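Pasted below: final21.txt, compact mmCIF, C-alpha atoms.
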```
# COMPACT_ATOMS: atom_id res chain seq x y z
CA MET A 548 23.33 -5.62 -4.50
CA LEU A 549 24.19 -4.38 -1.01
CA SER A 550 21.49 -5.29 1.50
CA ARG A 551 21.43 -1.65 2.64
CA ILE A 552 20.52 -0.47 -0.88
CA ALA A 553 18.03 -3.31 -1.42
CA GLU A 554 16.26 -2.51 1.85
CA SER A 555 16.08 1.21 1.04
CA LEU A 556 14.53 0.52 -2.37
CA TYR A 557 12.06 -1.92 -0.84
CA TRP A 558 10.98 0.72 1.68
CA ILE A 559 10.72 3.43 -0.96
CA GLY A 560 8.07 1.26 -2.60
CA ARG A 561 6.29 0.63 0.68
CA TYR A 562 6.35 4.21 1.93
CA LEU A 563 5.16 5.71 -1.36
CA GLU A 564 2.25 3.30 -1.50
CA ARG A 565 1.47 3.90 2.18
CA ALA A 566 1.42 7.67 1.72
CA GLU A 567 -0.86 7.42 -1.31
CA ASP A 568 -3.27 4.92 0.25
CA THR A 569 -3.44 6.80 3.56
CA SER A 570 -4.45 9.91 1.61
CA ARG A 571 -7.12 7.86 -0.16
CA LEU A 572 -8.44 6.45 3.12
CA LEU A 573 -8.48 9.89 4.74
CA ASP A 574 -10.26 11.43 1.75
CA VAL A 575 -13.04 8.82 1.72
CA HIS A 576 -13.50 9.17 5.49
CA LEU A 577 -14.05 12.92 5.23
CA THR A 578 -16.39 12.48 2.25
CA LEU A 579 -18.48 9.92 4.14
CA LEU A 580 -18.89 12.33 7.05
CA LEU A 581 -20.08 15.05 4.65
CA GLU A 582 -22.46 12.89 2.60
CA ASP A 583 -24.09 10.91 5.41
CA PRO A 584 -25.48 13.25 8.11
CA VAL A 585 -26.66 10.36 10.32
CA LEU A 586 -23.19 8.82 10.54
CA ASP A 587 -21.73 9.14 14.03
CA GLU A 588 -18.47 11.08 13.68
CA GLU A 589 -16.82 9.79 16.85
CA THR A 590 -17.62 6.12 16.20
CA THR A 591 -16.55 6.32 12.56
CA SER A 592 -13.31 8.10 13.46
CA LEU A 593 -12.58 5.58 16.21
CA VAL A 594 -13.07 2.66 13.82
CA LEU A 595 -10.78 4.23 11.20
CA LEU A 596 -8.00 4.89 13.71
CA ARG A 597 -8.22 1.33 15.01
CA VAL A 598 -8.07 -0.02 11.46
CA MET A 599 -4.84 1.97 11.10
CA GLY A 600 -3.43 0.55 14.34
CA ILE A 601 -4.16 3.49 16.67
CA ASP A 602 -5.99 2.38 19.82
CA ASP A 603 -5.15 5.11 22.33
CA GLU A 604 -7.53 7.87 21.17
CA ALA A 605 -10.57 8.00 23.48
CA SER A 606 -12.99 10.40 21.72
CA PRO A 607 -11.63 11.27 18.28
CA ASP A 608 -13.28 13.62 15.81
CA HIS A 609 -12.42 14.48 12.21
CA GLN A 610 -9.75 16.94 13.36
CA THR A 611 -8.03 14.17 15.32
CA VAL A 612 -8.14 11.94 12.24
CA LEU A 613 -6.71 14.72 10.06
CA ARG A 614 -3.87 15.23 12.51
CA MET A 615 -3.04 11.56 13.10
CA LEU A 616 -3.39 10.39 9.49
CA GLY A 617 -2.71 13.63 7.65
CA TRP A 618 -0.37 16.41 8.71
CA ASP A 619 1.45 15.33 11.87
CA GLU A 620 5.05 14.51 10.94
CA THR A 621 5.56 12.88 14.36
CA SER A 622 2.61 10.48 13.89
CA PRO A 623 3.97 7.23 12.37
CA THR A 624 0.65 6.61 10.58
CA SER A 625 0.33 9.99 8.82
CA MET A 626 0.67 10.35 5.06
CA VAL A 627 3.29 13.09 5.57
CA ALA A 628 5.41 10.83 7.80
CA ALA A 629 5.14 8.03 5.23
CA PHE A 630 6.38 10.29 2.44
CA GLN A 631 9.19 11.51 4.67
CA GLY A 632 10.17 7.86 5.10
CA ALA A 633 10.25 7.44 1.32
CA ARG A 634 12.52 10.48 1.00
CA GLU A 635 14.92 9.23 3.68
CA SER A 636 15.07 5.81 2.02
CA ALA A 637 15.76 7.47 -1.35
CA ARG A 638 18.51 9.55 0.23
CA ARG A 639 20.18 6.40 1.58
CA SER A 640 20.08 4.76 -1.86
CA ARG A 641 20.90 7.93 -3.81
CA GLU A 642 23.41 6.13 -6.07
CA THR A 643 20.66 3.78 -7.32
CA VAL A 644 17.66 6.11 -7.54
CA SER A 645 17.49 8.07 -10.81
CA LEU A 646 18.05 11.84 -10.78
CA GLU A 647 14.53 12.54 -12.07
CA MET A 648 12.96 10.36 -9.37
CA TRP A 649 15.04 11.96 -6.61
CA GLU A 650 14.11 15.46 -7.78
CA ALA A 651 10.41 14.54 -7.80
CA ILE A 652 10.61 13.09 -4.27
CA ASN A 653 12.58 16.05 -2.94
CA THR A 654 10.29 18.61 -4.60
CA THR A 655 7.22 16.90 -3.15
CA TRP A 656 8.73 16.83 0.32
CA ASN A 657 9.50 20.55 0.16
CA MET A 658 5.84 21.14 -0.79
CA MET A 659 4.54 19.43 2.36
CA ARG A 660 7.17 19.85 5.08
CA GLY A 661 6.52 22.23 7.97
CA ASN A 662 2.73 21.62 7.96
CA ARG A 663 2.34 23.25 4.54
CA LEU A 664 -0.36 20.79 3.50
CA GLN A 665 -2.41 21.92 6.48
CA HIS A 666 -3.01 25.28 4.80
CA LEU A 667 -4.83 23.57 1.92
CA PRO A 668 -8.39 22.19 2.02
CA ALA A 669 -8.20 18.57 3.20
CA HIS A 670 -9.54 17.14 -0.07
CA ARG A 671 -7.04 19.15 -2.13
CA ALA A 672 -4.15 18.11 0.13
CA CYS A 673 -5.03 14.41 -0.27
CA GLN A 674 -5.39 14.83 -4.03
CA LEU A 675 -2.04 16.63 -4.27
CA LEU A 676 -0.22 13.87 -2.44
CA ARG A 677 -1.83 11.16 -4.57
CA GLU A 678 -0.83 12.95 -7.77
CA ARG A 679 2.75 13.49 -6.59
CA CYS A 680 3.11 9.84 -5.59
CA ALA A 681 1.90 8.85 -9.06
CA VAL A 682 4.53 11.16 -10.60
CA VAL A 683 7.31 9.57 -8.53
CA VAL A 684 6.20 6.02 -9.34
CA GLY A 685 5.88 6.86 -13.04
CA LEU A 686 9.39 8.33 -13.10
CA ALA A 687 10.76 5.25 -11.33
CA ASP A 688 9.16 3.03 -13.96
CA SER A 689 10.50 5.04 -16.90
CA THR A 690 13.96 6.11 -15.67
CA MET A 691 15.23 3.17 -13.60
CA SER A 692 16.61 -0.04 -15.06
CA HIS A 693 14.19 -2.88 -14.37
CA ASP A 694 16.85 -4.86 -12.57
CA GLU A 695 17.12 -6.27 -9.05
CA GLY A 696 16.67 -2.89 -7.36
CA TRP A 697 13.52 -2.10 -9.29
CA HIS A 698 12.02 -5.48 -8.34
CA TYR A 699 12.72 -4.78 -4.67
CA MET A 700 10.79 -1.54 -5.04
CA MET A 701 7.89 -3.30 -6.78
CA LEU A 702 7.84 -6.00 -4.10
CA GLY A 703 7.55 -3.38 -1.37
CA ARG A 704 4.91 -1.47 -3.29
CA SER A 705 2.77 -4.57 -3.97
CA LEU A 706 2.99 -5.85 -0.41
CA GLU A 707 2.03 -2.45 1.01
CA ARG A 708 -0.85 -2.21 -1.48
CA VAL A 709 -2.26 -5.51 -0.22
CA ASP A 710 -2.01 -4.29 3.38
CA MET A 711 -3.51 -0.85 2.77
CA THR A 712 -6.29 -2.02 0.42
CA SER A 713 -7.32 -4.57 3.02
CA ARG A 714 -7.54 -1.72 5.56
CA ILE A 715 -9.69 0.34 3.19
CA ILE A 716 -12.02 -2.66 2.66
CA GLU A 717 -12.12 -3.35 6.41
CA SER A 718 -13.12 0.26 7.05
CA ALA A 719 -15.93 -0.06 4.48
CA ALA A 720 -17.16 -3.27 6.11
CA TYR A 721 -17.45 -1.51 9.48
CA ASN A 722 -19.40 1.36 7.83
CA ALA A 723 -21.61 -0.90 5.70
CA ASP A 724 -24.78 0.68 7.11
CA SER A 725 -23.99 3.90 5.26
CA PRO A 726 -25.60 3.82 1.78
CA SER A 727 -22.51 5.36 0.16
CA ALA A 728 -19.84 3.37 2.02
CA TRP A 729 -18.87 1.03 -0.83
CA THR A 730 -19.21 3.70 -3.49
CA GLN A 731 -16.76 5.87 -1.59
CA THR A 732 -14.50 2.87 -1.01
CA LEU A 733 -14.35 2.25 -4.76
CA ARG A 734 -13.40 5.89 -5.24
CA ALA A 735 -10.77 5.62 -2.49
CA CYS A 736 -9.12 2.82 -4.45
CA GLY A 737 -9.45 4.65 -7.77
CA ALA A 738 -11.75 1.85 -8.88
CA HIS A 739 -15.12 3.54 -9.37
CA HIS A 740 -14.83 4.12 -13.12
CA ALA A 741 -13.42 0.63 -13.79
CA PHE A 742 -16.16 -0.90 -11.64
CA ILE A 743 -18.95 0.92 -13.47
CA ARG A 744 -17.50 -0.17 -16.82
CA THR A 745 -17.28 -3.79 -15.64
CA TYR A 746 -20.80 -4.03 -14.17
CA ARG A 747 -22.51 -1.56 -16.54
CA GLY A 748 -23.87 0.56 -13.70
CA ALA A 749 -26.22 -2.06 -12.20
CA ALA A 750 -24.20 -3.19 -9.19
CA THR A 751 -24.54 -4.09 -5.51
CA ASP A 752 -22.31 -3.70 -2.47
CA ALA A 753 -21.37 -7.37 -2.73
CA GLN A 754 -20.22 -6.84 -6.31
CA ALA A 755 -18.19 -3.82 -5.24
CA ALA A 756 -16.46 -5.94 -2.60
CA GLU A 757 -15.92 -8.74 -5.12
CA PHE A 758 -14.32 -6.29 -7.55
CA LEU A 759 -11.85 -4.98 -4.98
CA LEU A 760 -11.08 -8.48 -3.75
CA LEU A 761 -10.92 -10.60 -6.89
CA ASP A 762 -10.73 -8.62 -10.14
CA ARG A 763 -7.52 -9.68 -11.91
CA LEU A 764 -7.59 -6.84 -14.41
CA PHE A 765 -7.73 -4.04 -11.85
CA PRO A 766 -4.21 -3.41 -10.46
CA ARG A 767 -5.36 -2.35 -6.98
CA SER A 768 -7.49 -5.40 -6.26
CA LEU A 769 -6.16 -7.71 -3.55
CA LEU A 770 -5.80 -10.66 -5.93
CA ALA A 771 -3.87 -8.63 -8.54
CA SER A 772 -1.61 -7.13 -5.86
CA LEU A 773 -0.82 -10.55 -4.38
CA GLU A 774 0.06 -11.81 -7.86
CA GLN A 775 2.37 -8.81 -8.41
CA ALA A 776 4.13 -9.45 -5.09
CA GLN A 777 4.66 -13.13 -6.00
CA GLU A 778 6.01 -12.18 -9.43
CA ALA A 779 8.48 -9.76 -7.85
CA LEU A 780 9.71 -12.45 -5.43
CA VAL A 781 10.24 -14.92 -8.26
CA ALA A 782 12.02 -12.28 -10.36
CA LEU A 783 14.42 -11.49 -7.50
CA GLU A 784 15.44 -15.14 -7.21
CA THR A 785 15.73 -15.83 -10.94
CA LEU A 786 16.80 -12.51 -12.50
CA PRO A 787 20.26 -12.71 -14.16
CA ARG A 788 22.83 -10.30 -12.76
CA ARG A 789 23.67 -7.23 -14.85
CA GLY A 790 25.99 -8.07 -17.72
CA ARG A 791 25.38 -11.82 -17.51
CA ARG A 792 23.12 -13.80 -19.78
CA PRO A 793 21.37 -16.92 -18.54
CA ASP A 794 22.94 -20.19 -19.74
CA PRO A 795 20.55 -21.63 -22.36
CA GLY A 796 21.79 -25.11 -21.47
CA LEU A 797 20.48 -24.85 -17.91
CA PRO A 798 16.84 -25.60 -17.14
CA SER A 799 14.85 -22.50 -16.20
CA GLN A 800 12.72 -22.40 -13.09
CA THR A 801 9.64 -20.34 -12.40
CA GLY A 802 7.22 -20.14 -9.53
CA LEU A 803 7.85 -21.75 -6.16
CA GLY A 804 10.53 -24.06 -7.58
CA ALA A 805 12.71 -21.01 -8.20
CA VAL A 806 12.25 -19.57 -4.71
CA GLN A 807 14.04 -21.24 -1.82
CA GLY A 808 14.57 -20.78 1.92
CA ARG A 809 13.01 -17.80 3.65
CA ALA A 810 12.10 -16.33 0.26
CA GLY A 811 10.20 -19.55 -0.45
CA GLU A 812 8.39 -19.17 2.86
CA ALA A 813 7.29 -15.66 1.88
CA HIS A 814 6.15 -16.98 -1.50
CA ARG A 815 4.14 -19.77 0.16
CA MET A 816 2.40 -17.36 2.52
CA LEU A 817 1.43 -15.10 -0.37
CA GLY A 818 0.26 -18.10 -2.39
CA ARG A 819 -1.86 -19.37 0.49
CA ALA A 820 -3.48 -15.94 0.95
CA ARG A 821 -4.11 -15.71 -2.77
CA ALA A 822 -5.67 -19.21 -2.89
CA GLU A 823 -7.99 -18.41 0.02
CA LEU A 824 -9.20 -15.34 -1.84
CA GLU A 825 -9.45 -16.94 -5.25
CA TYR A 826 -11.10 -20.24 -4.31
CA GLY A 827 -12.97 -19.34 -1.13
CA SER A 828 -16.69 -18.69 -0.96
CA LEU A 829 -17.47 -15.02 -1.52
CA GLU A 830 -20.63 -15.30 0.59
CA GLU A 831 -18.71 -16.69 3.58
CA MET A 832 -15.98 -14.09 3.09
CA MET A 833 -18.51 -11.25 3.18
CA GLN A 834 -19.90 -12.52 6.49
CA THR A 835 -16.48 -12.30 8.15
CA LEU A 836 -14.90 -9.60 6.02
CA PRO A 837 -13.24 -7.53 8.79
CA GLU A 838 -11.65 -10.66 10.29
CA ARG A 839 -10.45 -11.83 6.86
CA MET A 840 -8.88 -8.45 6.17
CA SER A 841 -7.17 -8.41 9.57
CA GLN A 842 -5.76 -11.87 8.84
CA LEU A 843 -4.45 -10.63 5.49
CA GLN A 844 -2.70 -7.75 7.26
CA ARG A 845 -1.02 -10.24 9.60
CA THR A 846 0.07 -12.25 6.57
CA CYS A 847 1.65 -9.13 5.07
CA SER A 848 3.54 -8.56 8.31
CA GLN A 849 4.81 -12.16 8.29
CA VAL A 850 5.86 -11.90 4.64
CA ASN A 851 7.70 -8.67 5.42
CA ASP A 852 9.59 -10.44 8.24
CA ALA A 853 10.52 -13.33 5.95
CA VAL A 854 11.70 -11.00 3.17
CA SER A 855 13.69 -8.89 5.63
CA THR A 856 15.39 -11.93 7.16
CA HIS A 857 16.26 -13.40 3.78
CA ASN A 858 17.38 -10.22 2.01
CA PHE A 859 18.17 -7.51 4.55
CA ASP A 860 19.56 -9.35 7.57
CA GLY A 861 22.31 -7.15 8.97
CA ALA A 862 21.24 -4.04 7.07
CA GLY A 863 19.85 -2.46 10.23
CA GLN A 864 17.36 -3.15 12.97
CA ALA A 865 13.78 -2.25 12.04
CA VAL A 866 11.59 -0.62 14.65
CA TRP A 867 7.82 -0.93 14.30
CA ARG A 868 5.22 1.37 15.86
CA ALA A 869 1.47 1.23 15.21
CA GLY A 870 2.01 -1.12 12.29
CA VAL A 871 4.69 0.95 10.54
CA ARG A 872 8.48 0.82 10.41
```

Encoded form (structure tokens):
Amino acid sequence: MLSRIAESLYWIGRYLERAEDTSRLLDVHLTLLLEDPVLDEETTSLVLLRVMGIDDEASPDHQTVLRMLGWDETSPTSMVAAFQGARESARRSRETVSLEMWEAINTTWNMMRGNRLQHLPAHRACQLLRERCAVVVGLADSTMSHDEGWHYMMLGRSLERVDMTSRIIESAAYNADSPSAWTQTLRACGAHHAFIRTYRGAATDAQAAEFLLLDRLFPRSLLASLEQAQEALVALETLPRRGRRPDPGLPSQTGLGAVQGRAGEAHRMLGRARAELEYGSLEEMMQTLPERMSQLQRTCSQVNDAVSTHNFDGAGQAVWRAGVR
């Protein structure tokens, strides 16, 4: 596969996940401000913007947050800008993206371009974007061949999910004094119903954090997302090319043995992050949760660099601003 096409598919996965998770983070922020009257709006908004890599806003309010993370197409951290990035990546890989997926992406973009989302209530706008991202991802799963290109998309999606979920958890840790912070965080990750079913309704904030960090059965938990990213990396190194069957006489390799070079470095970094989550002390992790989540975000950035060097070198120079491409 051409590195240009592989990179575009990888970034479709990342941008779609970023748009969806930014809408989730924005929605839970606005809900917290409504439900907790003693919460300081400026401090909470400042923390959220810093979690998202924006440090140059002196006295932000909820309108500033809505603009920077919601509607502003020129803001690199907004959900609209992220979806625009997904559309541009799909346009560059048009010969690989299925017709149904392209139509869903293009239709969604026409629904939100030109500040059209701004005319909707904020909660409805966030909900609309989440639903449309789910439609696009579902069409990709059901109309694209699960070959090399699809695995690039899943790798990007899983890596971005780790990064964005860690930001959602970090935001909750900074707002832990609010009685509804972790409940709203579970809802932001779409995990509230699954969490209630798992813990039968009698749960604590520590259990909510544990669920989002370590639950293998919930696809948005950090542990499950790290496992999905590792599986995609292994699949990209071991997947037979289209039209060729693997030689049954050759020994098969799985795991780190199948991943070499810079791809192996990315796999090792993901494995180390996963081991620290899985085998570390939950009590110690809760005491330094914001720092642990920041470290995980740095790991995601390093894995992205390793994947880009190994797979996309020469496809084009990436430019990063405020933590986004």

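Separating atom CA of A:Ala553 from atom CA of A:Met700 is a distance of 8.3 Å.
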
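When all atoms listed in the file are used to compute distances to A:Ala738, the closest of the residues A:Ser625, A:Thr643, A:Asn851, A:Thr712 turns out to be A:Thr712.
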
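Straight-line separation from atom CA of A:Thr611 to atom CA of A:Thr655: 24.1 Å.
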
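The two atoms in question, atom CA of A:Leu667 and atom CA of A:Val682, are spaced 20.0 Å apart.
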
Contacts of stretch 557-572 of chain A within 6 Å, only C-alpha atoms, excl. fewer than 3 positions in-chain, as a PyMOL selection string: chain A and resi 554+575+626+629-630+633+636+673+677+699-700+703-704+707+735

Distance query A:Met832 at most 12 Å, all atoms listed in the file, self and fewer than 3 positions along chain excluded, as a PyMOL selection string: chain A and resi 717+720+753+756-757+760-761+823-829+835-840+842

Neighbour list for stretch 847-849 of chain A as a VMD selection string, cut-off 12 Å, only C-alpha atoms, skip fewer than 6 positions in-chain: chain A and resid 561 702 to 714 769 772 to 773 776 809 to 810 812 to 821 840 to 841 855 to 856 867 870 to 872

8 Å contact set for A:Ala771, all atoms listed in the file, chain neighbours under 5 positions out, as a count of residues only: 6

What would stretch 650-678 of chain A look like with N, CA and C atoms restored, written as a PDB file, keeping the file's coordinate frame?
```
ATOM      1  N   GLU A 650      14.593  14.081  -7.720  1.00  0.00           N
ATOM      2  CA  GLU A 650      14.110  15.460  -7.780  1.00  0.00           C
ATOM      3  C   GLU A 650      12.615  15.523  -7.502  1.00  0.00           C
ATOM      4  N   ALA A 651      11.855  14.557  -8.033  1.00  0.00           N
ATOM      5  CA  ALA A 651      10.410  14.540  -7.800  1.00  0.00           C
ATOM      6  C   ALA A 651      10.091  14.296  -6.326  1.00  0.00           C
ATOM      7  N   ILE A 652      10.815  13.375  -5.696  1.00  0.00           N
ATOM      8  CA  ILE A 652      10.610  13.090  -4.270  1.00  0.00           C
ATOM      9  C   ILE A 652      10.967  14.315  -3.436  1.00  0.00           C
ATOM     10  N   ASN A 653      12.111  14.918  -3.730  1.00  0.00           N
ATOM     11  CA  ASN A 653      12.580  16.050  -2.940  1.00  0.00           C
ATOM     12  C   ASN A 653      11.656  17.266  -3.114  1.00  0.00           C
ATOM     13  N   THR A 654      11.207  17.503  -4.344  1.00  0.00           N
ATOM     14  CA  THR A 654      10.290  18.610  -4.600  1.00  0.00           C
ATOM     15  C   THR A 654       8.983  18.415  -3.839  1.00  0.00           C
ATOM     16  N   THR A 655       8.463  17.189  -3.856  1.00  0.00           N
ATOM     17  CA  THR A 655       7.220  16.900  -3.150  1.00  0.00           C
ATOM     18  C   THR A 655       7.379  17.105  -1.647  1.00  0.00           C
ATOM     19  N   TRP A 656       8.507  16.661  -1.107  1.00  0.00           N
ATOM     20  CA  TRP A 656       8.730  16.830   0.320  1.00  0.00           C
ATOM     21  C   TRP A 656       8.796  18.316   0.704  1.00  0.00           C
ATOM     22  N   ASN A 657       9.419  19.118  -0.124  1.00  0.00           N
ATOM     23  CA  ASN A 657       9.500  20.550   0.160  1.00  0.00           C
ATOM     24  C   ASN A 657       8.125  21.229   0.046  1.00  0.00           C
ATOM     25  N   MET A 658       7.199  20.604  -0.681  1.00  0.00           N
ATOM     26  CA  MET A 658       5.840  21.140  -0.790  1.00  0.00           C
ATOM     27  C   MET A 658       5.015  20.863   0.466  1.00  0.00           C
ATOM     28  N   MET A 659       5.392  19.826   1.234  1.00  0.00           N
ATOM     29  CA  MET A 659       4.540  19.430   2.360  1.00  0.00           C
ATOM     30  C   MET A 659       5.204  19.578   3.722  1.00  0.00           C
ATOM     31  N   ARG A 660       6.498  19.764   3.791  1.00  0.00           N
ATOM     32  CA  ARG A 660       7.170  19.850   5.080  1.00  0.00           C
ATOM     33  C   ARG A 660       6.730  21.105   5.843  1.00  0.00           C
ATOM     34  N   GLY A 661       6.892  21.067   7.151  1.00  0.00           N
ATOM     35  CA  GLY A 661       6.520  22.230   7.970  1.00  0.00           C
ATOM     36  C   GLY A 661       5.029  22.525   7.973  1.00  0.00           C
ATOM     37  N   ASN A 662       4.195  21.466   7.908  1.00  0.00           N
ATOM     38  CA  ASN A 662       2.730  21.620   7.960  1.00  0.00           C
ATOM     39  C   ASN A 662       2.165  22.452   6.811  1.00  0.00           C
ATOM     40  N   ARG A 663       2.846  22.461   5.658  1.00  0.00           N
ATOM     41  CA  ARG A 663       2.340  23.250   4.540  1.00  0.00           C
ATOM     42  C   ARG A 663       1.049  22.697   3.956  1.00  0.00           C
ATOM     43  N   LEU A 664       0.880  21.374   4.009  1.00  0.00           N
ATOM     44  CA  LEU A 664      -0.360  20.790   3.500  1.00  0.00           C
ATOM     45  C   LEU A 664      -1.562  21.225   4.333  1.00  0.00           C
ATOM     46  N   GLN A 665      -1.327  21.551   5.590  1.00  0.00           N
ATOM     47  CA  GLN A 665      -2.410  21.920   6.480  1.00  0.00           C
ATOM     48  C   GLN A 665      -3.104  23.214   6.060  1.00  0.00           C
ATOM     49  N   HIS A 666      -2.423  24.009   5.256  1.00  0.00           N
ATOM     50  CA  HIS A 666      -3.010  25.280   4.800  1.00  0.00           C
ATOM     51  C   HIS A 666      -3.922  25.088   3.586  1.00  0.00           C
ATOM     52  N   LEU A 667      -3.946  23.872   3.036  1.00  0.00           N
ATOM     53  CA  LEU A 667      -4.830  23.570   1.920  1.00  0.00           C
ATOM     54  C   LEU A 667      -6.108  22.916   2.430  1.00  0.00           C
ATOM     55  N   PRO A 668      -7.217  22.996   1.670  1.00  0.00           N
ATOM     56  CA  PRO A 668      -8.390  22.190   2.020  1.00  0.00           C
ATOM     57  C   PRO A 668      -8.009  20.705   2.053  1.00  0.00           C
ATOM     58  N   ALA A 669      -8.607  19.970   2.981  1.00  0.00           N
ATOM     59  CA  ALA A 669      -8.200  18.570   3.200  1.00  0.00           C
ATOM     60  C   ALA A 669      -8.287  17.740   1.919  1.00  0.00           C
ATOM     61  N   HIS A 670      -9.382  17.912   1.164  1.00  0.00           N
ATOM     62  CA  HIS A 670      -9.540  17.140  -0.070  1.00  0.00           C
ATOM     63  C   HIS A 670      -8.427  17.461  -1.064  1.00  0.00           C
ATOM     64  N   ARG A 671      -8.086  18.730  -1.194  1.00  0.00           N
ATOM     65  CA  ARG A 671      -7.040  19.150  -2.130  1.00  0.00           C
ATOM     66  C   ARG A 671      -5.677  18.622  -1.676  1.00  0.00           C
ATOM     67  N   ALA A 672      -5.428  18.622  -0.380  1.00  0.00           N
ATOM     68  CA  ALA A 672      -4.150  18.110   0.130  1.00  0.00           C
ATOM     69  C   ALA A 672      -4.003  16.624  -0.174  1.00  0.00           C
ATOM     70  N   CYS A 673      -5.071  15.853   0.032  1.00  0.00           N
ATOM     71  CA  CYS A 673      -5.030  14.410  -0.270  1.00  0.00           C
ATOM     72  C   CYS A 673      -4.833  14.178  -1.768  1.00  0.00           C
ATOM     73  N   GLN A 674      -5.520  14.956  -2.577  1.00  0.00           N
ATOM     74  CA  GLN A 674      -5.390  14.830  -4.030  1.00  0.00           C
ATOM     75  C   GLN A 674      -3.974  15.171  -4.480  1.00  0.00           C
ATOM     76  N   LEU A 675      -3.397  16.217  -3.914  1.00  0.00           N
ATOM     77  CA  LEU A 675      -2.040  16.630  -4.270  1.00  0.00           C
ATOM     78  C   LEU A 675      -1.043  15.524  -3.965  1.00  0.00           C
ATOM     79  N   LEU A 676      -1.161  14.919  -2.799  1.00  0.00           N
ATOM     80  CA  LEU A 676      -0.220  13.870  -2.440  1.00  0.00           C
ATOM     81  C   LEU A 676      -0.367  12.650  -3.345  1.00  0.00           C
ATOM     82  N   ARG A 677      -1.615  12.286  -3.660  1.00  0.00           N
ATOM     83  CA  ARG A 677      -1.830  11.160  -4.570  1.00  0.00           C
ATOM     84  C   ARG A 677      -1.184  11.419  -5.931  1.00  0.00           C
ATOM     85  N   GLU A 678      -1.381  12.616  -6.455  1.00  0.00           N
ATOM     86  CA  GLU A 678      -0.830  12.950  -7.770  1.00  0.00           C
ATOM     87  C   GLU A 678       0.701  12.937  -7.745  1.00  0.00           C
TER      88      GLU A 678
END
```
